[in-house]
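Read the structure below first, then the notes.
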Amino acid sequence: MAAIPGGADHSHDHAHDHPSGFMRWVTTTNHKDIGSMYLWFSFAMFIVGGIMALVIRAELFQPGLQVVDPDRFNQMTTLHGLIMVFGAIMPAFVGFANWMIPLMIGASDMAFARMNNWSFWLLPPAAILLTSSLLVPGGAAASGWTLYPPLTVQMGIGMDMAIFAVHILGISSIMGSINIVTTILNMRAPGMTLMKMPLFCWTWLITAYLVIAVMPVLAGAVTMILTDRHFGTSFFNAAGGGDPVLYQHIFWFFGHPEVYIIAIPAFGVVSQVIPAFSRKPLFGYASMVYATSSIAILSFIVWAHHMYTVGMPVAGQLYFMFATMLIAIPTGVKVFNWVATMWRGSLSFETPMLFSIGFLFLFTLGGFSGLVLSMTAVDVQLHDSYYVVAHFHYVMVAGALFSAYAGAYYWLPKWTGHMYDEKLGKLHFWLSLIFFNMTFFVQHFLGLAGMPRRIPDYSLQFAEFNKISSIGAFGFGLSQLVFLVVVLKCLKGGEKASAKPWDGAEGLEWTVPSPAPHHTFEVPPVVK
Ligand code: CU1
């Protein structure tokens, strides 16, 4: 049988068996190759979405209109959000999943290796479709990433491109998630019971179910916009008996679990890194599994906390307020466990640990501002203000991005076979930490003072904090180039990484040989 995944190496000397160069990457079914492509794609999208953020911050550097016209400004907010959520953060963690889950559970590859290839290769066309919508008449969708009607029913062809791009991105992440669920449930090595899996696998198993549950909901919502636009339906049109608020319900039934689709794999990464640099097993493993599951279940029943201002009944407001506050309980369990893991550990503070501790502190801050926003009476004041922008950037950047960096630095020796430059890594962390807070901490004050989000101009009293925030944003953007230098240096060579480079409680994935073989299948399997 020639088609055993991860099979013998004997045909490696026949170069013609293996596509090389570009075709190698197009045809690969190897989880490591695909994981690397996901990670590179996500970093590229992070740069694109980051440049859009810098256009926004350049415009907001001072009052008045100077850099972009208001339509373009709104298009930047839409594409920045869509690209960062679907192009940067989600693919980054799918990349981690591809690379690490088979190694962690002792599987030869992902369950559906060819579908895995397709899951990845759907992403570049979707990204091109989305960004090129800037070039068509009317430009890209100018609605913000939430794509609320009635605005999105009226605008130009850029909106259709955004809808189609969201469809493709959704198909990709659903297929990726089916692959992850199947791999974890069916391909664990003998003895690897579910409750023995590294926690990263658990967080992805839970996340994959969330993706499969809510991506079709988003697809339905944007399809209803599409039919309202072109096929005469009135789902969201009051004149035809519809209701634009219906869209908000459908969107946020997807949108809130989406927050956890991003956050839960981040929790998983941090749960691998903190024990390794504490030289102790993770504290409260079982409670981590149950807390993560509780968060996932609760995430389905809190969606209307994004919609307190639509005029819902007070009973509804109270329900969504209290349900939202409940999430603080399992989240508190997790934060307690991470801190307890470090307690009396033999700590060291290499870059992955620094990013994990940065995550721990700043994600908790983002959780607290979320608790503030969960209170209906407060949220009515702060809705659509810069306080909300500050809140979710603490969750998305200091939460998801910082833990993605923690994972990247932690596993770089595994991926490349070389140690990265620790000095540069630490520089990257400290610059990111300082500039992140400079950018976003002051936005709490702007929001509390009443500055609205998604508006290119503002009154004079907001000038100082906006100036600070914009300088911070450019500093943050430039600091990310340090990471690029670190990765390129690491790929080029450097000190050889030992099998256990962190000299402590590294997980199972470190015992699998590195670097990876080029292809899992020596010969593509023939379907008979
Ligand atoms: Cu939410």
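Each chain in the structure tokens gets a letter, A, B and so on, in the order shown; residues start at 1 in every chain, and ligands are counted from 1 in the order they appear.
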
| task | Residues up to 7 Å from ligand 1, counting only C-alpha atoms and all ligand atoms: could you list those as a list in words? | result |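 I would give the residues around ligand 1 as Gly255, His256, Val259, Val302, Trp303, His305 and His306 of chain A.
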
Could you pull the residues within 8 Å of Ser143 in chain A, counting only C-alpha atoms, minus those fewer than 4 positions along the same chain, as a PDB file with N, CA, C and O atoms, in the first residue's frame?
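Done, and the output landed in out-v6.pdb:
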ATOM      1  N   ASN A  74     -14.822  54.887   5.853  1.00  0.00           N
ATOM      2  CA  ASN A  74     -15.749  53.832   6.265  1.00  0.00           C
ATOM      3  C   ASN A  74     -15.389  52.497   5.640  1.00  0.00           C
ATOM      4  O   ASN A  74     -15.547  51.438   6.259  1.00  0.00           O
ATOM      5  N   GLN A  75     -14.921  52.530   4.383  1.00  0.00           N
ATOM      6  CA  GLN A  75     -14.500  51.280   3.735  1.00  0.00           C
ATOM      7  C   GLN A  75     -13.305  50.669   4.464  1.00  0.00           C
ATOM      8  O   GLN A  75     -13.187  49.448   4.577  1.00  0.00           O
ATOM      9  N   THR A  78     -14.538  48.791   7.508  1.00  0.00           N
ATOM     10  CA  THR A  78     -15.147  47.505   7.128  1.00  0.00           C
ATOM     11  C   THR A  78     -14.080  46.467   6.821  1.00  0.00           C
ATOM     12  O   THR A  78     -14.085  45.359   7.370  1.00  0.00           O
ATOM     13  N   LEU A 147     -21.840  44.716   8.626  1.00  0.00           N
ATOM     14  CA  LEU A 147     -22.650  44.718   7.398  1.00  0.00           C
ATOM     15  C   LEU A 147     -24.150  44.912   7.654  1.00  0.00           C
ATOM     16  O   LEU A 147     -24.988  44.229   7.061  1.00  0.00           O
ATOM     17  N   TYR A 148     -24.491  45.840   8.556  1.00  0.00           N
ATOM     18  CA  TYR A 148     -25.906  46.059   8.887  1.00  0.00           C
ATOM     19  C   TYR A 148     -26.699  46.621   7.718  1.00  0.00           C
ATOM     20  O   TYR A 148     -26.276  47.592   7.088  1.00  0.00           O
ATOM     21  N   LEU A 151     -28.271  49.981   5.161  1.00  0.00           N
ATOM     22  CA  LEU A 151     -27.171  50.522   4.367  1.00  0.00           C
ATOM     23  C   LEU A 151     -26.638  49.497   3.368  1.00  0.00           C
ATOM     24  O   LEU A 151     -26.436  49.798   2.187  1.00  0.00           O
ATOM     25  N   THR A 152     -26.419  48.264   3.824  1.00  0.00           N
ATOM     26  CA  THR A 152     -25.774  47.272   2.961  1.00  0.00           C
ATOM     27  C   THR A 152     -26.702  46.744   1.862  1.00  0.00           C
ATOM     28  O   THR A 152     -26.243  46.070   0.941  1.00  0.00           O
TER      29      THR A 152
END

- Which polymer residues have any atom within 7 Å of an atom of range 495-512 of chain A, counting only C-alpha atoms, with same-chain residues fewer than 4 positions away left out, as a list in words?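 Once the adjacent positions are removed, what remains is Met100, Leu103, Met104, Pro275, Ala276, Phe277, Arg279, Lys280, Pro281, Pro413, Lys414, Gly417, His418 and Met419 of chain A.
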
Within 12 Å of Ile261 in chain A, counting only C-alpha atoms, which residues show up once you throw out same-chain ones fewer than 2 positions away? Write them as an NGL selection string, please.
:A and (85-86 or 89-94 or 173-174 or 177 or 203-215 or 254-259 or 263-268 or 292 or 295-297 or 299-300 or 396 or 400)

| said: I'd like the contact shell of Gly106 in chain A - 8 Å cut-off, only C-alpha atoms, skipping same-chain residues fewer than 2 positions apart - returned as a ChimeraX atom specification. | reply: /A:102-104,108,187-189

Next item on the list: Determine, counting only C-alpha atoms, which protein, DNA and RNA residues have an atom within 8 Å of an atom of Met84 in chain A; residues of the same chain fewer than 3 positions away are not included. Present the result as a ChimeraX atom specification.
Entry: /A:45-46,49,80-81,87-89

_For Pro244 in chain A, the nearest of the candidates A:Pro198, A:Pro149, A:Ile51, A:Ile357, counting only C-alpha atoms_ =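 Among A:Pro198, A:Pro149, A:Ile51, A:Ile357, it is A:Pro149 that comes nearest to Pro244 in chain A.
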
May I ask for the distance between CA of Glu422 in chain A and CA of Gly407 in chain A, given in Å to one decimal place?
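These atoms are spaced 14.5 Å apart.
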
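Picture a line from CA of Phe120 in chain A to CA of Ser133 in chain A; it runs 21.2 Å.
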
task = Write out as a PyMOL selection string each polymer residue whose atoms come within 12 Å of Ile128 in chain A, counting only C-alpha atoms; drop sequence neighbours fewer than 6 positions from it.
result = chain A and resi 41+44-45+48+79+83+87+121-122+134-135+161-162+164-166+168-169

Exercise. Per DSSP on the backbone, filter range 287-457 of chain A down to the residues in helix (DSSP H, G or I) and report them as an MDAnalysis selection string.
Key: chainID A and resid 287:298 303:306 308:310 314:326 328:342 351:374 376:382 386:416 422:448

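With only C-alpha atoms as the atoms that count, the residue of A:Asp457, A:Gln443, A:Leu478, A:Val222 with the shortest distance to Gly64 in chain A is A:Asp457.
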
Restricting to only C-alpha atoms, whichever of A:Pro216, A:Pro190, A:Val136, A:His391 is closest to Val372 in chain A is A:His391
